[in-house]
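Source file: final.cif. Holds: mmCIF, C-alpha atoms.
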data_run
#
loop_
_atom_site.label_atom_id
_atom_site.label_comp_id
_atom_site.auth_asym_id
_atom_site.auth_seq_id
_atom_site.Cartn_x
_atom_site.Cartn_y
_atom_site.Cartn_z
CA MET A 26 0.00 0.00 0.00
CA VAL A 27 1.38 3.37 -0.93
CA GLU A 28 1.11 6.05 1.68
CA TRP A 29 0.58 9.65 0.73
CA SER A 30 1.07 12.53 3.13
CA ASP A 31 -1.39 15.42 3.01
CA ASN A 32 1.35 17.56 1.54
CA GLU A 33 1.99 15.05 -1.26
CA ARG A 34 -1.72 14.85 -2.06
CA ALA A 35 -1.89 18.62 -2.24
CA ILE A 36 1.17 18.86 -4.49
CA ILE A 37 -0.10 16.23 -6.92
CA ALA A 38 -3.53 17.87 -7.13
CA ASP A 39 -1.92 21.25 -7.64
CA VAL A 40 0.45 20.11 -10.39
CA TRP A 41 -2.36 18.27 -12.17
CA SER A 42 -4.66 21.28 -12.01
CA LYS A 43 -2.04 23.36 -13.79
CA ILE A 44 -1.45 20.86 -16.57
CA ASP A 45 -3.25 21.52 -19.84
CA VAL A 46 -3.60 17.99 -21.18
CA GLY A 47 -4.15 19.30 -24.70
CA GLU A 48 -0.77 20.99 -24.61
CA ILE A 49 1.35 18.76 -22.40
CA GLY A 50 0.12 15.43 -23.78
CA PRO A 51 1.20 16.05 -27.37
CA GLN A 52 4.53 17.58 -26.31
CA THR A 53 5.31 14.64 -24.04
CA LEU A 54 4.57 11.95 -26.59
CA ALA A 55 6.46 13.88 -29.27
CA ARG A 56 9.52 14.03 -27.02
CA VAL A 57 9.31 10.31 -26.30
CA LEU A 58 9.33 9.58 -30.05
CA ILE A 59 12.16 12.05 -30.69
CA VAL A 60 14.42 11.40 -27.71
CA TYR A 61 13.91 7.61 -27.72
CA PRO A 62 13.31 6.82 -31.39
CA TRP A 63 13.01 3.08 -30.84
CA THR A 64 9.62 3.78 -29.25
CA ARG A 65 8.33 4.39 -32.78
CA ARG A 66 8.04 0.62 -33.05
CA TYR A 67 4.65 0.92 -31.32
CA PHE A 68 3.27 3.50 -33.68
CA GLY A 69 3.44 1.95 -37.13
CA ALA A 70 -0.08 3.16 -37.83
CA PHE A 71 0.80 6.80 -37.20
CA GLY A 72 2.41 7.46 -40.55
CA GLU A 73 5.54 9.56 -40.85
CA LEU A 74 7.67 9.73 -37.70
CA SER A 75 11.10 9.89 -39.27
CA SER A 76 12.18 13.40 -38.28
CA VAL A 77 11.68 15.90 -35.47
CA ALA A 78 9.62 18.27 -37.60
CA VAL A 79 7.38 15.48 -38.83
CA VAL A 80 6.78 14.08 -35.33
CA LEU A 81 5.90 17.54 -34.03
CA ALA A 82 3.44 18.07 -36.89
CA ASN A 83 1.87 14.61 -36.73
CA ARG A 84 -1.81 14.88 -35.76
CA LYS A 85 -2.06 11.27 -34.61
CA VAL A 86 0.83 11.83 -32.20
CA ALA A 87 -0.94 14.87 -30.79
CA THR A 88 -4.24 13.03 -30.40
CA HIS A 89 -2.62 10.06 -28.77
CA GLY A 90 -0.57 12.28 -26.48
CA ARG A 91 -3.86 13.65 -25.16
CA VAL A 92 -5.27 10.13 -24.69
CA VAL A 93 -2.24 9.02 -22.69
CA LEU A 94 -2.14 12.07 -20.49
CA ASN A 95 -5.89 12.02 -19.86
CA ALA A 96 -5.45 8.54 -18.48
CA LEU A 97 -3.35 9.99 -15.64
CA ASP A 98 -6.49 11.66 -14.36
CA VAL A 99 -7.69 8.29 -13.08
CA ALA A 100 -4.59 7.99 -10.92
CA VAL A 101 -4.71 11.58 -9.65
CA ARG A 102 -8.33 11.14 -8.53
CA ASP A 103 -7.73 7.81 -6.83
CA LEU A 104 -4.25 7.97 -5.32
CA ASP A 105 -4.99 5.21 -2.83
CA ASN A 106 -6.05 2.68 -5.44
CA ILE A 107 -3.84 3.29 -8.44
CA LYS A 108 -2.84 -0.34 -8.81
CA SER A 109 -6.39 -1.63 -9.05
CA ALA A 110 -7.54 1.38 -11.05
CA TYR A 111 -4.90 0.59 -13.69
CA SER A 112 -5.34 -3.17 -13.72
CA HIS A 113 -7.19 -3.11 -17.03
CA LEU A 114 -4.73 -0.67 -18.60
CA SER A 115 -1.84 -2.87 -17.49
CA SER A 116 -3.38 -5.94 -19.14
CA LEU A 117 -4.05 -3.89 -22.26
CA HIS A 118 -0.41 -2.80 -22.50
CA ARG A 119 0.83 -6.33 -21.87
CA TYR A 120 -1.50 -8.53 -23.88
CA GLN A 121 -2.75 -6.30 -26.66
CA LEU A 122 -0.25 -3.53 -27.15
CA HIS A 123 2.79 -5.66 -26.19
CA VAL A 124 4.63 -2.66 -24.79
CA ASP A 125 7.95 -3.24 -23.01
CA PRO A 126 7.42 -1.80 -19.50
CA ALA A 127 10.79 -0.05 -19.75
CA ASN A 128 8.92 2.46 -21.90
CA PHE A 129 6.75 3.61 -18.99
CA ARG A 130 9.79 5.17 -17.36
CA LEU A 131 10.80 6.85 -20.63
CA LEU A 132 7.38 8.48 -20.87
CA ALA A 133 7.47 9.51 -17.21
CA ASP A 134 10.90 11.11 -17.69
CA CYS A 135 9.72 13.08 -20.73
CA LEU A 136 6.57 14.19 -18.90
CA THR A 137 8.67 15.42 -15.97
CA ILE A 138 10.88 17.38 -18.35
CA VAL A 139 7.93 18.95 -20.19
CA ILE A 140 6.38 19.93 -16.84
CA ALA A 141 9.74 21.47 -15.89
CA THR A 142 9.69 23.61 -19.05
CA LYS A 143 6.19 24.82 -18.18
CA PHE A 144 6.60 25.38 -14.47
CA GLY A 145 10.17 26.70 -14.36
CA ALA A 146 11.17 27.65 -10.83
CA ALA A 147 7.79 26.47 -9.51
CA PHE A 148 8.99 22.94 -10.24
CA SER A 149 10.98 22.88 -7.02
CA SER A 150 12.81 19.81 -5.81
CA ASP A 151 9.95 19.10 -3.36
CA VAL A 152 7.45 19.16 -6.19
CA GLN A 153 9.75 17.02 -8.32
CA SER A 154 10.16 14.47 -5.49
CA THR A 155 6.42 14.13 -5.03
CA TRP A 156 5.74 13.97 -8.76
CA HIS A 157 8.49 11.36 -9.13
CA LYS A 158 6.90 9.22 -6.41
CA PHE A 159 3.51 9.52 -8.09
CA MET A 160 4.96 8.49 -11.47
CA ALA A 161 6.80 5.57 -9.83
CA VAL A 162 3.48 4.31 -8.46
CA VAL A 163 1.80 4.75 -11.85
CA ILE A 164 4.66 2.91 -13.57
CA ALA A 165 4.47 0.02 -11.07
CA ALA A 166 0.69 -0.19 -11.53
CA LEU A 167 0.99 -0.29 -15.31
CA GLY A 168 3.56 -3.07 -14.98
CA SER A 169 1.57 -5.04 -12.44
CA ARG A 170 -0.11 -7.38 -14.94
CA TYR A 171 3.11 -8.28 -16.70
CA PHE A 172 3.99 -11.18 -14.41
CA MET B 29 24.45 5.87 -29.91
CA THR B 30 27.01 8.00 -31.71
CA LEU B 31 26.99 11.75 -31.47
CA SER B 32 26.43 13.31 -34.88
CA SER B 33 28.01 16.65 -35.63
CA LYS B 34 24.58 18.22 -35.23
CA ASP B 35 24.30 16.66 -31.75
CA LYS B 36 27.72 18.05 -30.79
CA GLN B 37 26.72 21.49 -32.05
CA LEU B 38 23.51 21.42 -30.00
CA VAL B 39 25.34 20.25 -26.88
CA LYS B 40 27.95 23.00 -27.19
CA ALA B 41 25.27 25.64 -27.82
CA MET B 42 23.25 24.51 -24.80
CA TRP B 43 26.37 24.41 -22.65
CA ALA B 44 27.40 27.90 -23.73
CA LYS B 45 24.06 29.16 -22.42
CA ALA B 46 24.33 27.12 -19.22
CA ALA B 47 27.94 27.95 -18.38
CA PRO B 48 27.33 31.45 -16.92
CA LYS B 49 24.80 29.88 -14.54
CA ALA B 50 26.91 26.80 -13.82
CA GLU B 51 27.10 27.32 -10.08
CA GLU B 52 23.37 27.77 -9.64
CA ILE B 53 22.58 24.90 -11.99
CA GLY B 54 25.05 22.55 -10.31
CA HIS B 55 23.56 23.32 -6.92
CA ASP B 56 20.03 22.75 -8.20
CA VAL B 57 20.99 19.45 -9.88
CA LEU B 58 22.69 18.06 -6.79
CA THR B 59 19.90 19.17 -4.45
CA ARG B 60 17.31 17.53 -6.64
CA MET B 61 19.28 14.34 -7.00
CA LEU B 62 19.66 14.02 -3.23
CA SER B 63 16.01 14.70 -2.52
CA VAL B 64 14.24 13.00 -5.44
CA TYR B 65 16.54 9.93 -5.31
CA PRO B 66 17.41 9.64 -1.62
CA GLN B 67 19.48 6.51 -2.21
CA THR B 68 22.15 8.82 -3.66
CA LYS B 69 22.70 10.25 -0.17
CA THR B 70 24.52 7.05 0.69
CA TYR B 71 27.57 8.39 -1.14
CA PHE B 72 27.71 11.50 1.02
CA SER B 73 27.50 10.14 4.55
CA HIS B 74 30.72 12.02 5.29
CA TRP B 75 29.08 15.41 4.74
CA PRO B 76 27.76 17.07 7.88
CA ASP B 77 25.06 18.90 5.99
CA LEU B 78 23.15 17.69 2.96
CA SER B 79 20.55 20.42 2.95
CA TYR B 80 19.82 22.96 0.25
CA GLY B 81 22.34 25.76 0.35
CA SER B 82 24.92 23.91 2.43
CA ALA B 83 28.57 24.40 1.55
CA PRO B 84 29.33 20.74 0.68
CA VAL B 85 26.34 20.57 -1.68
CA ARG B 86 27.30 23.84 -3.38
CA ASN B 87 30.94 22.87 -3.71
CA HIS B 88 30.12 19.51 -5.09
CA GLY B 89 27.63 20.94 -7.58
CA ARG B 90 30.42 23.17 -8.83
CA LYS B 91 32.77 20.20 -9.15
CA VAL B 92 30.27 18.12 -11.06
CA MET B 93 29.50 20.97 -13.47
CA GLY B 94 33.23 21.40 -13.98
CA GLY B 95 33.37 17.73 -14.94
CA VAL B 96 30.55 18.11 -17.45
CA ALA B 97 32.23 21.21 -18.89
CA GLU B 98 35.38 19.18 -19.40
CA ALA B 99 33.35 16.48 -21.13
CA VAL B 100 31.86 19.10 -23.48
CA GLU B 101 35.38 20.22 -24.38
CA LYS B 102 36.47 16.65 -24.99
CA ILE B 103 33.30 15.69 -26.81
CA ASP B 104 35.26 14.25 -29.73
CA ASP B 105 37.03 11.69 -27.54
CA LEU B 106 35.15 11.13 -24.31
CA VAL B 107 36.74 7.81 -23.35
CA GLY B 108 40.28 9.15 -23.81
CA GLY B 109 39.53 12.61 -22.47
CA LEU B 110 37.76 11.42 -19.32
CA LEU B 111 40.24 8.68 -18.47
CA THR B 112 41.41 10.26 -15.21
CA MET B 113 37.82 10.94 -14.16
CA SER B 114 36.94 7.36 -14.93
CA GLU B 115 39.79 6.11 -12.77
CA LEU B 116 38.66 8.40 -9.97
CA HIS B 117 35.10 7.10 -10.11
CA ALA B 118 36.20 3.48 -10.53
CA PHE B 119 38.87 3.16 -7.91
CA GLN B 120 38.21 5.82 -5.35
CA LEU B 121 34.63 6.96 -5.46
CA ARG B 122 33.22 3.64 -6.62
CA VAL B 123 29.89 5.16 -7.56
CA ASP B 124 27.50 2.60 -9.01
CA PRO B 125 27.08 3.55 -12.67
CA ALA B 126 23.28 3.43 -12.30
CA ASN B 127 23.66 6.78 -10.58
CA PHE B 128 25.08 8.45 -13.68
CA LYS B 129 21.65 8.10 -15.28
CA ILE B 130 20.06 9.66 -12.23
CA LEU B 131 22.38 12.66 -12.28
CA ALA B 132 21.86 13.02 -16.04
CA HIS B 133 18.08 13.06 -15.65
CA ASN B 134 18.29 15.78 -13.01
CA LEU B 135 20.60 17.86 -15.17
CA LEU B 136 18.07 17.60 -18.02
CA VAL B 137 15.25 18.65 -15.67
CA VAL B 138 17.21 21.70 -14.49
CA LEU B 139 18.13 22.67 -18.06
CA ALA B 140 14.46 22.29 -19.04
CA LYS B 141 13.22 24.52 -16.23
CA THR B 142 15.98 27.10 -16.67
CA PHE B 143 15.89 27.29 -20.46
CA PRO B 144 12.34 26.27 -21.45
CA VAL B 145 12.66 27.79 -24.91
CA ASP B 146 16.18 26.57 -25.72
CA PHE B 147 15.63 23.07 -24.39
CA THR B 148 13.87 21.97 -27.57
CA PRO B 149 13.24 18.30 -28.36
CA GLU B 150 16.38 18.32 -30.56
CA THR B 151 18.52 19.73 -27.78
CA HIS B 152 16.91 17.28 -25.35
CA VAL B 153 17.88 14.24 -27.42
CA ALA B 154 21.38 15.59 -28.09
CA MET B 155 22.00 16.24 -24.38
CA ASP B 156 20.54 12.87 -23.41
CA LYS B 157 22.82 11.08 -25.87
CA PHE B 158 25.82 13.13 -24.77
CA LEU B 159 25.25 12.39 -21.08
CA ALA B 160 24.80 8.70 -21.87
CA ARG B 161 28.20 8.75 -23.63
CA VAL B 162 29.74 10.59 -20.70
CA ALA B 163 28.36 7.91 -18.36
CA LEU B 164 29.86 5.23 -20.57
CA ALA B 165 33.24 6.98 -20.57
CA LEU B 166 33.09 7.36 -16.78
CA SER B 167 32.37 3.64 -16.36
CA ASP B 168 35.15 2.66 -18.72
CA LYS B 169 37.72 1.81 -16.06
CA TYR B 170 35.29 0.03 -13.74
CA ARG B 171 36.14 -3.49 -14.79
#
Please express what this file holds, its structure, as structure tokens.
Amino acid sequence: MVEWSDNERAIIADVWSKIDVGEIGPQTLARVLIVYPWTRRYFGAFGELSSVAVVLANRKVATHGRVVLNALDVAVRDLDNIKSAYSHLSSLHRYQLHVDPANFRLLADCLTIVIATKFGAAFSSDVQSTWHKFMAVVIAALGSRYF
Amino acid sequence: MTLSSKDKQLVKAMWAKAAPKAEEIGHDVLTRMLSVYPQTKTYFSHWPDLSYGSAPVRNHGRKVMGGVAEAVEKIDDLVGGLLTMSELHAFQLRVDPANFKILAHNLLVVLAKTFPVDFTPETHVAMDKFLARVALALSDKYR
């Protein structure tokens, strides 16, 4: 069972409230595809992903970025039950999407970096620590059906 | 993961912007590493004070940034250029190489928050590749 202090709950809610999913989602997924190009293996149906400019302009990437980031809302709203809340998503990633769970950390790292570009100094080390813990729990939950 | 000439150009450009703020950045990177990844504190049990603003943390941030600056200068031959640093980390400091990734991530976060416009996706990938190569060079003498 993960334990969250009141301060951590407040920080997570605050960060989430300031995130515009429509903006951050697309930027995050684009960075994943650019910084870790092997992740393109999962997006054969998205068309052209061969250069930075093309990834940034790709509408399917943008749409999917929003889908992925919207799914974090489930976790934010139910911090005490993330593992069970993501059980279905974990099975989906394992048995249908066949995604290597190493990729969850890559996405989390890119999301953290995009948030840092948006928040600047407001992304203090306390906020980063709490956000990192939250992402670690999300990552573990998404990997929970892999074994 | 070879560094193309474009990557090297982007790394040098980013570093030129970061260099004047090296002290502040180094301090921020170290502070974050110690608080977001508390297992890294195990390497600093000999410091009396690990808090934000403490002298050991500031000094060490400066040292680490100096090391990265040296790596930028020797970007064309990291293994050869960082040989002494590798020996230091291998035989004296004995830092588990997993921690190089952690430090790298925190440096990227601090660059992102300090230079949100300059830290484009292209610069991000170039810096990430560069730091991965630095980590490899630093681990070269480990075994």
* range 81-83 of chain B: which residues within 12 Å, counting only C-alpha atoms, same-chain residues fewer than 3 positions away excluded, as a ChimeraX atom specification? -> /B:51-52,54-56,58-60,75-78,86-90
* Name the residues that the PyMOL selection byres ((chain B) within 10 of (chain A)) pulls out of this structure, and write them as a ChimeraX atom specification. => /B:56-57,59-66,80,133-134,136-157
* For each of B:Leu121, B:Ala47, B:Leu159, B:Val107, take the minimum atom-to-atom distance to Met29 in chain B, counting only C-alpha atoms, then give the residue where this is smallest. =>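 The shortest atom-to-atom distance to Met29 in chain B comes from B:Leu159.
Here CA of Thr88 in chain A is placed at a distance of 16.7 Å from CA of Thr64 in chain A.
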* Just say which residues the PyMOL selection byres ((chain A and resi 109) around 12) picks in this file, as a list of chain:residue names. =>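 Those residues are A:Met26, A:Val99, A:Ala100, A:Asp103, A:Leu104, A:Asp105, A:Asn106, A:Ile107, A:Lys108, A:Ala110, A:Tyr111, A:Ser112, A:His113, A:Leu114, A:Ser115, A:Ser116, A:Val162, A:Val163, A:Ala165, A:Ala166, A:Leu167, A:Gly168, A:Ser169, A:Arg170.
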Store the residues picked out above in a file with C-alpha atoms, as a PDB file, in the coordinates of the input.
ATOM      1  CA  MET A  26       0.000   0.000   0.000  1.00  0.00           C
ATOM      2  CA  VAL A  99      -7.690   8.290 -13.080  1.00  0.00           C
ATOM      3  CA  ALA A 100      -4.590   7.990 -10.920  1.00  0.00           C
ATOM      4  CA  ASP A 103      -7.730   7.810  -6.830  1.00  0.00           C
ATOM      5  CA  LEU A 104      -4.250   7.970  -5.320  1.00  0.00           C
ATOM      6  CA  ASP A 105      -4.990   5.210  -2.830  1.00  0.00           C
ATOM      7  CA  ASN A 106      -6.050   2.680  -5.440  1.00  0.00           C
ATOM      8  CA  ILE A 107      -3.840   3.290  -8.440  1.00  0.00           C
ATOM      9  CA  LYS A 108      -2.840  -0.340  -8.810  1.00  0.00           C
ATOM     10  CA  ALA A 110      -7.540   1.380 -11.050  1.00  0.00           C
ATOM     11  CA  TYR A 111      -4.900   0.590 -13.690  1.00  0.00           C
ATOM     12  CA  SER A 112      -5.340  -3.170 -13.720  1.00  0.00           C
ATOM     13  CA  HIS A 113      -7.190  -3.110 -17.030  1.00  0.00           C
ATOM     14  CA  LEU A 114      -4.730  -0.670 -18.600  1.00  0.00           C
ATOM     15  CA  SER A 115      -1.840  -2.870 -17.490  1.00  0.00           C
ATOM     16  CA  SER A 116      -3.380  -5.940 -19.140  1.00  0.00           C
ATOM     17  CA  VAL A 162       3.480   4.310  -8.460  1.00  0.00           C
ATOM     18  CA  VAL A 163       1.800   4.750 -11.850  1.00  0.00           C
ATOM     19  CA  ALA A 165       4.470   0.020 -11.070  1.00  0.00           C
ATOM     20  CA  ALA A 166       0.690  -0.190 -11.530  1.00  0.00           C
ATOM     21  CA  LEU A 167       0.990  -0.290 -15.310  1.00  0.00           C
ATOM     22  CA  GLY A 168       3.560  -3.070 -14.980  1.00  0.00           C
ATOM     23  CA  SER A 169       1.570  -5.040 -12.440  1.00  0.00           C
ATOM     24  CA  ARG A 170      -0.110  -7.380 -14.940  1.00  0.00           C
TER      25      ARG A 170
END
* Separation of CA of Trp43 in chain B from CA of Val96 in chain B, in Å and rounded to one decimal -> 9.2 Å
* Tell me, in Å to one decimal, how far CA of His117 in chain B is from CA of Leu166 in chain B. => 7.0 Å
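Residue neighbourhood of Leu74 in chain A, excluding near-sequence residues (fewer than 4 positions): Leu58, Arg65, Val79, Val80 and Asn83 of chain A, at 8 Å, using all atoms listed in the file.
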* Asked: Which one of B:Leu111, B:Leu31, B:Ala97, B:Ala41 sits closest to Tyr170 in chain B if you count only C-alpha atoms?
  ->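 The shortest atom-to-atom distance to Tyr170 in chain B comes from B:Leu111.
By all atoms listed in the file, and with residues fewer than 2 positions from Leu110 in chain B along its chain excluded, the set lying at most 7 Å from it is B:Ala99, B:Leu106, B:Val107, B:Gly108, B:Thr112, B:Met113, B:Ser114, B:Ala165, B:Leu166.
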Could you write out the selected residues, including C-alpha atoms, as a short mmCIF file (atom, residue, chain, number, x, y, z; two decimals), keeping the file's coordinate frame?
data_model
loop_
_atom_site.label_atom_id
_atom_site.label_comp_id
_atom_site.auth_asym_id
_atom_site.auth_seq_id
_atom_site.Cartn_x
_atom_site.Cartn_y
_atom_site.Cartn_z
CA ALA B 99 33.35 16.48 -21.13
CA LEU B 106 35.15 11.13 -24.31
CA VAL B 107 36.74 7.81 -23.35
CA GLY B 108 40.28 9.15 -23.81
CA THR B 112 41.41 10.26 -15.21
CA MET B 113 37.82 10.94 -14.16
CA SER B 114 36.94 7.36 -14.93
CA ALA B 165 33.24 6.98 -20.57
CA LEU B 166 33.09 7.36 -16.78
#
* To do: Considering all atoms listed in the file, state which residue in the set A:His123, A:Arg130, A:Arg91, A:Arg102 is at the smallest distance from Leu54 in chain A.
  =>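 Distance minimum relative to Leu54 in chain A lands on A:Arg91.
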* To do: Return as a PyMOL selection string the set of residues that the PyMOL selection byres ((chain A and resi 89) around 12) yields on the displayed structure.
  => chain A and resi 46-55+67-68+70-71+83-88+90-96
* Pick out the closest residue to Gly69 in chain A from this set: A:Phe172, A:Ile36, A:Leu122, A:Asn128. Count all atoms listed in the file. =>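 Once distances to Gly69 in chain A are computed over all atoms listed in the file, the minimum belongs to A:Leu122.
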* To do: Tell me which of B:Ala118, B:Lys69, B:Gly95, B:Asp105 sits closest to Arg171 in chain B, counting all atoms listed in the file.
  =>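 The closest residue to Arg171 in chain B is B:Ala118.
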* **Shortest interatomic distance to Lys129 in chain B - which of B:Met93, B:Ala50, B:Met42, B:Leu164, counting only C-alpha atoms** =>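 Among the listed residues, the smallest separation from Lys129 in chain B belongs to B:Leu164.
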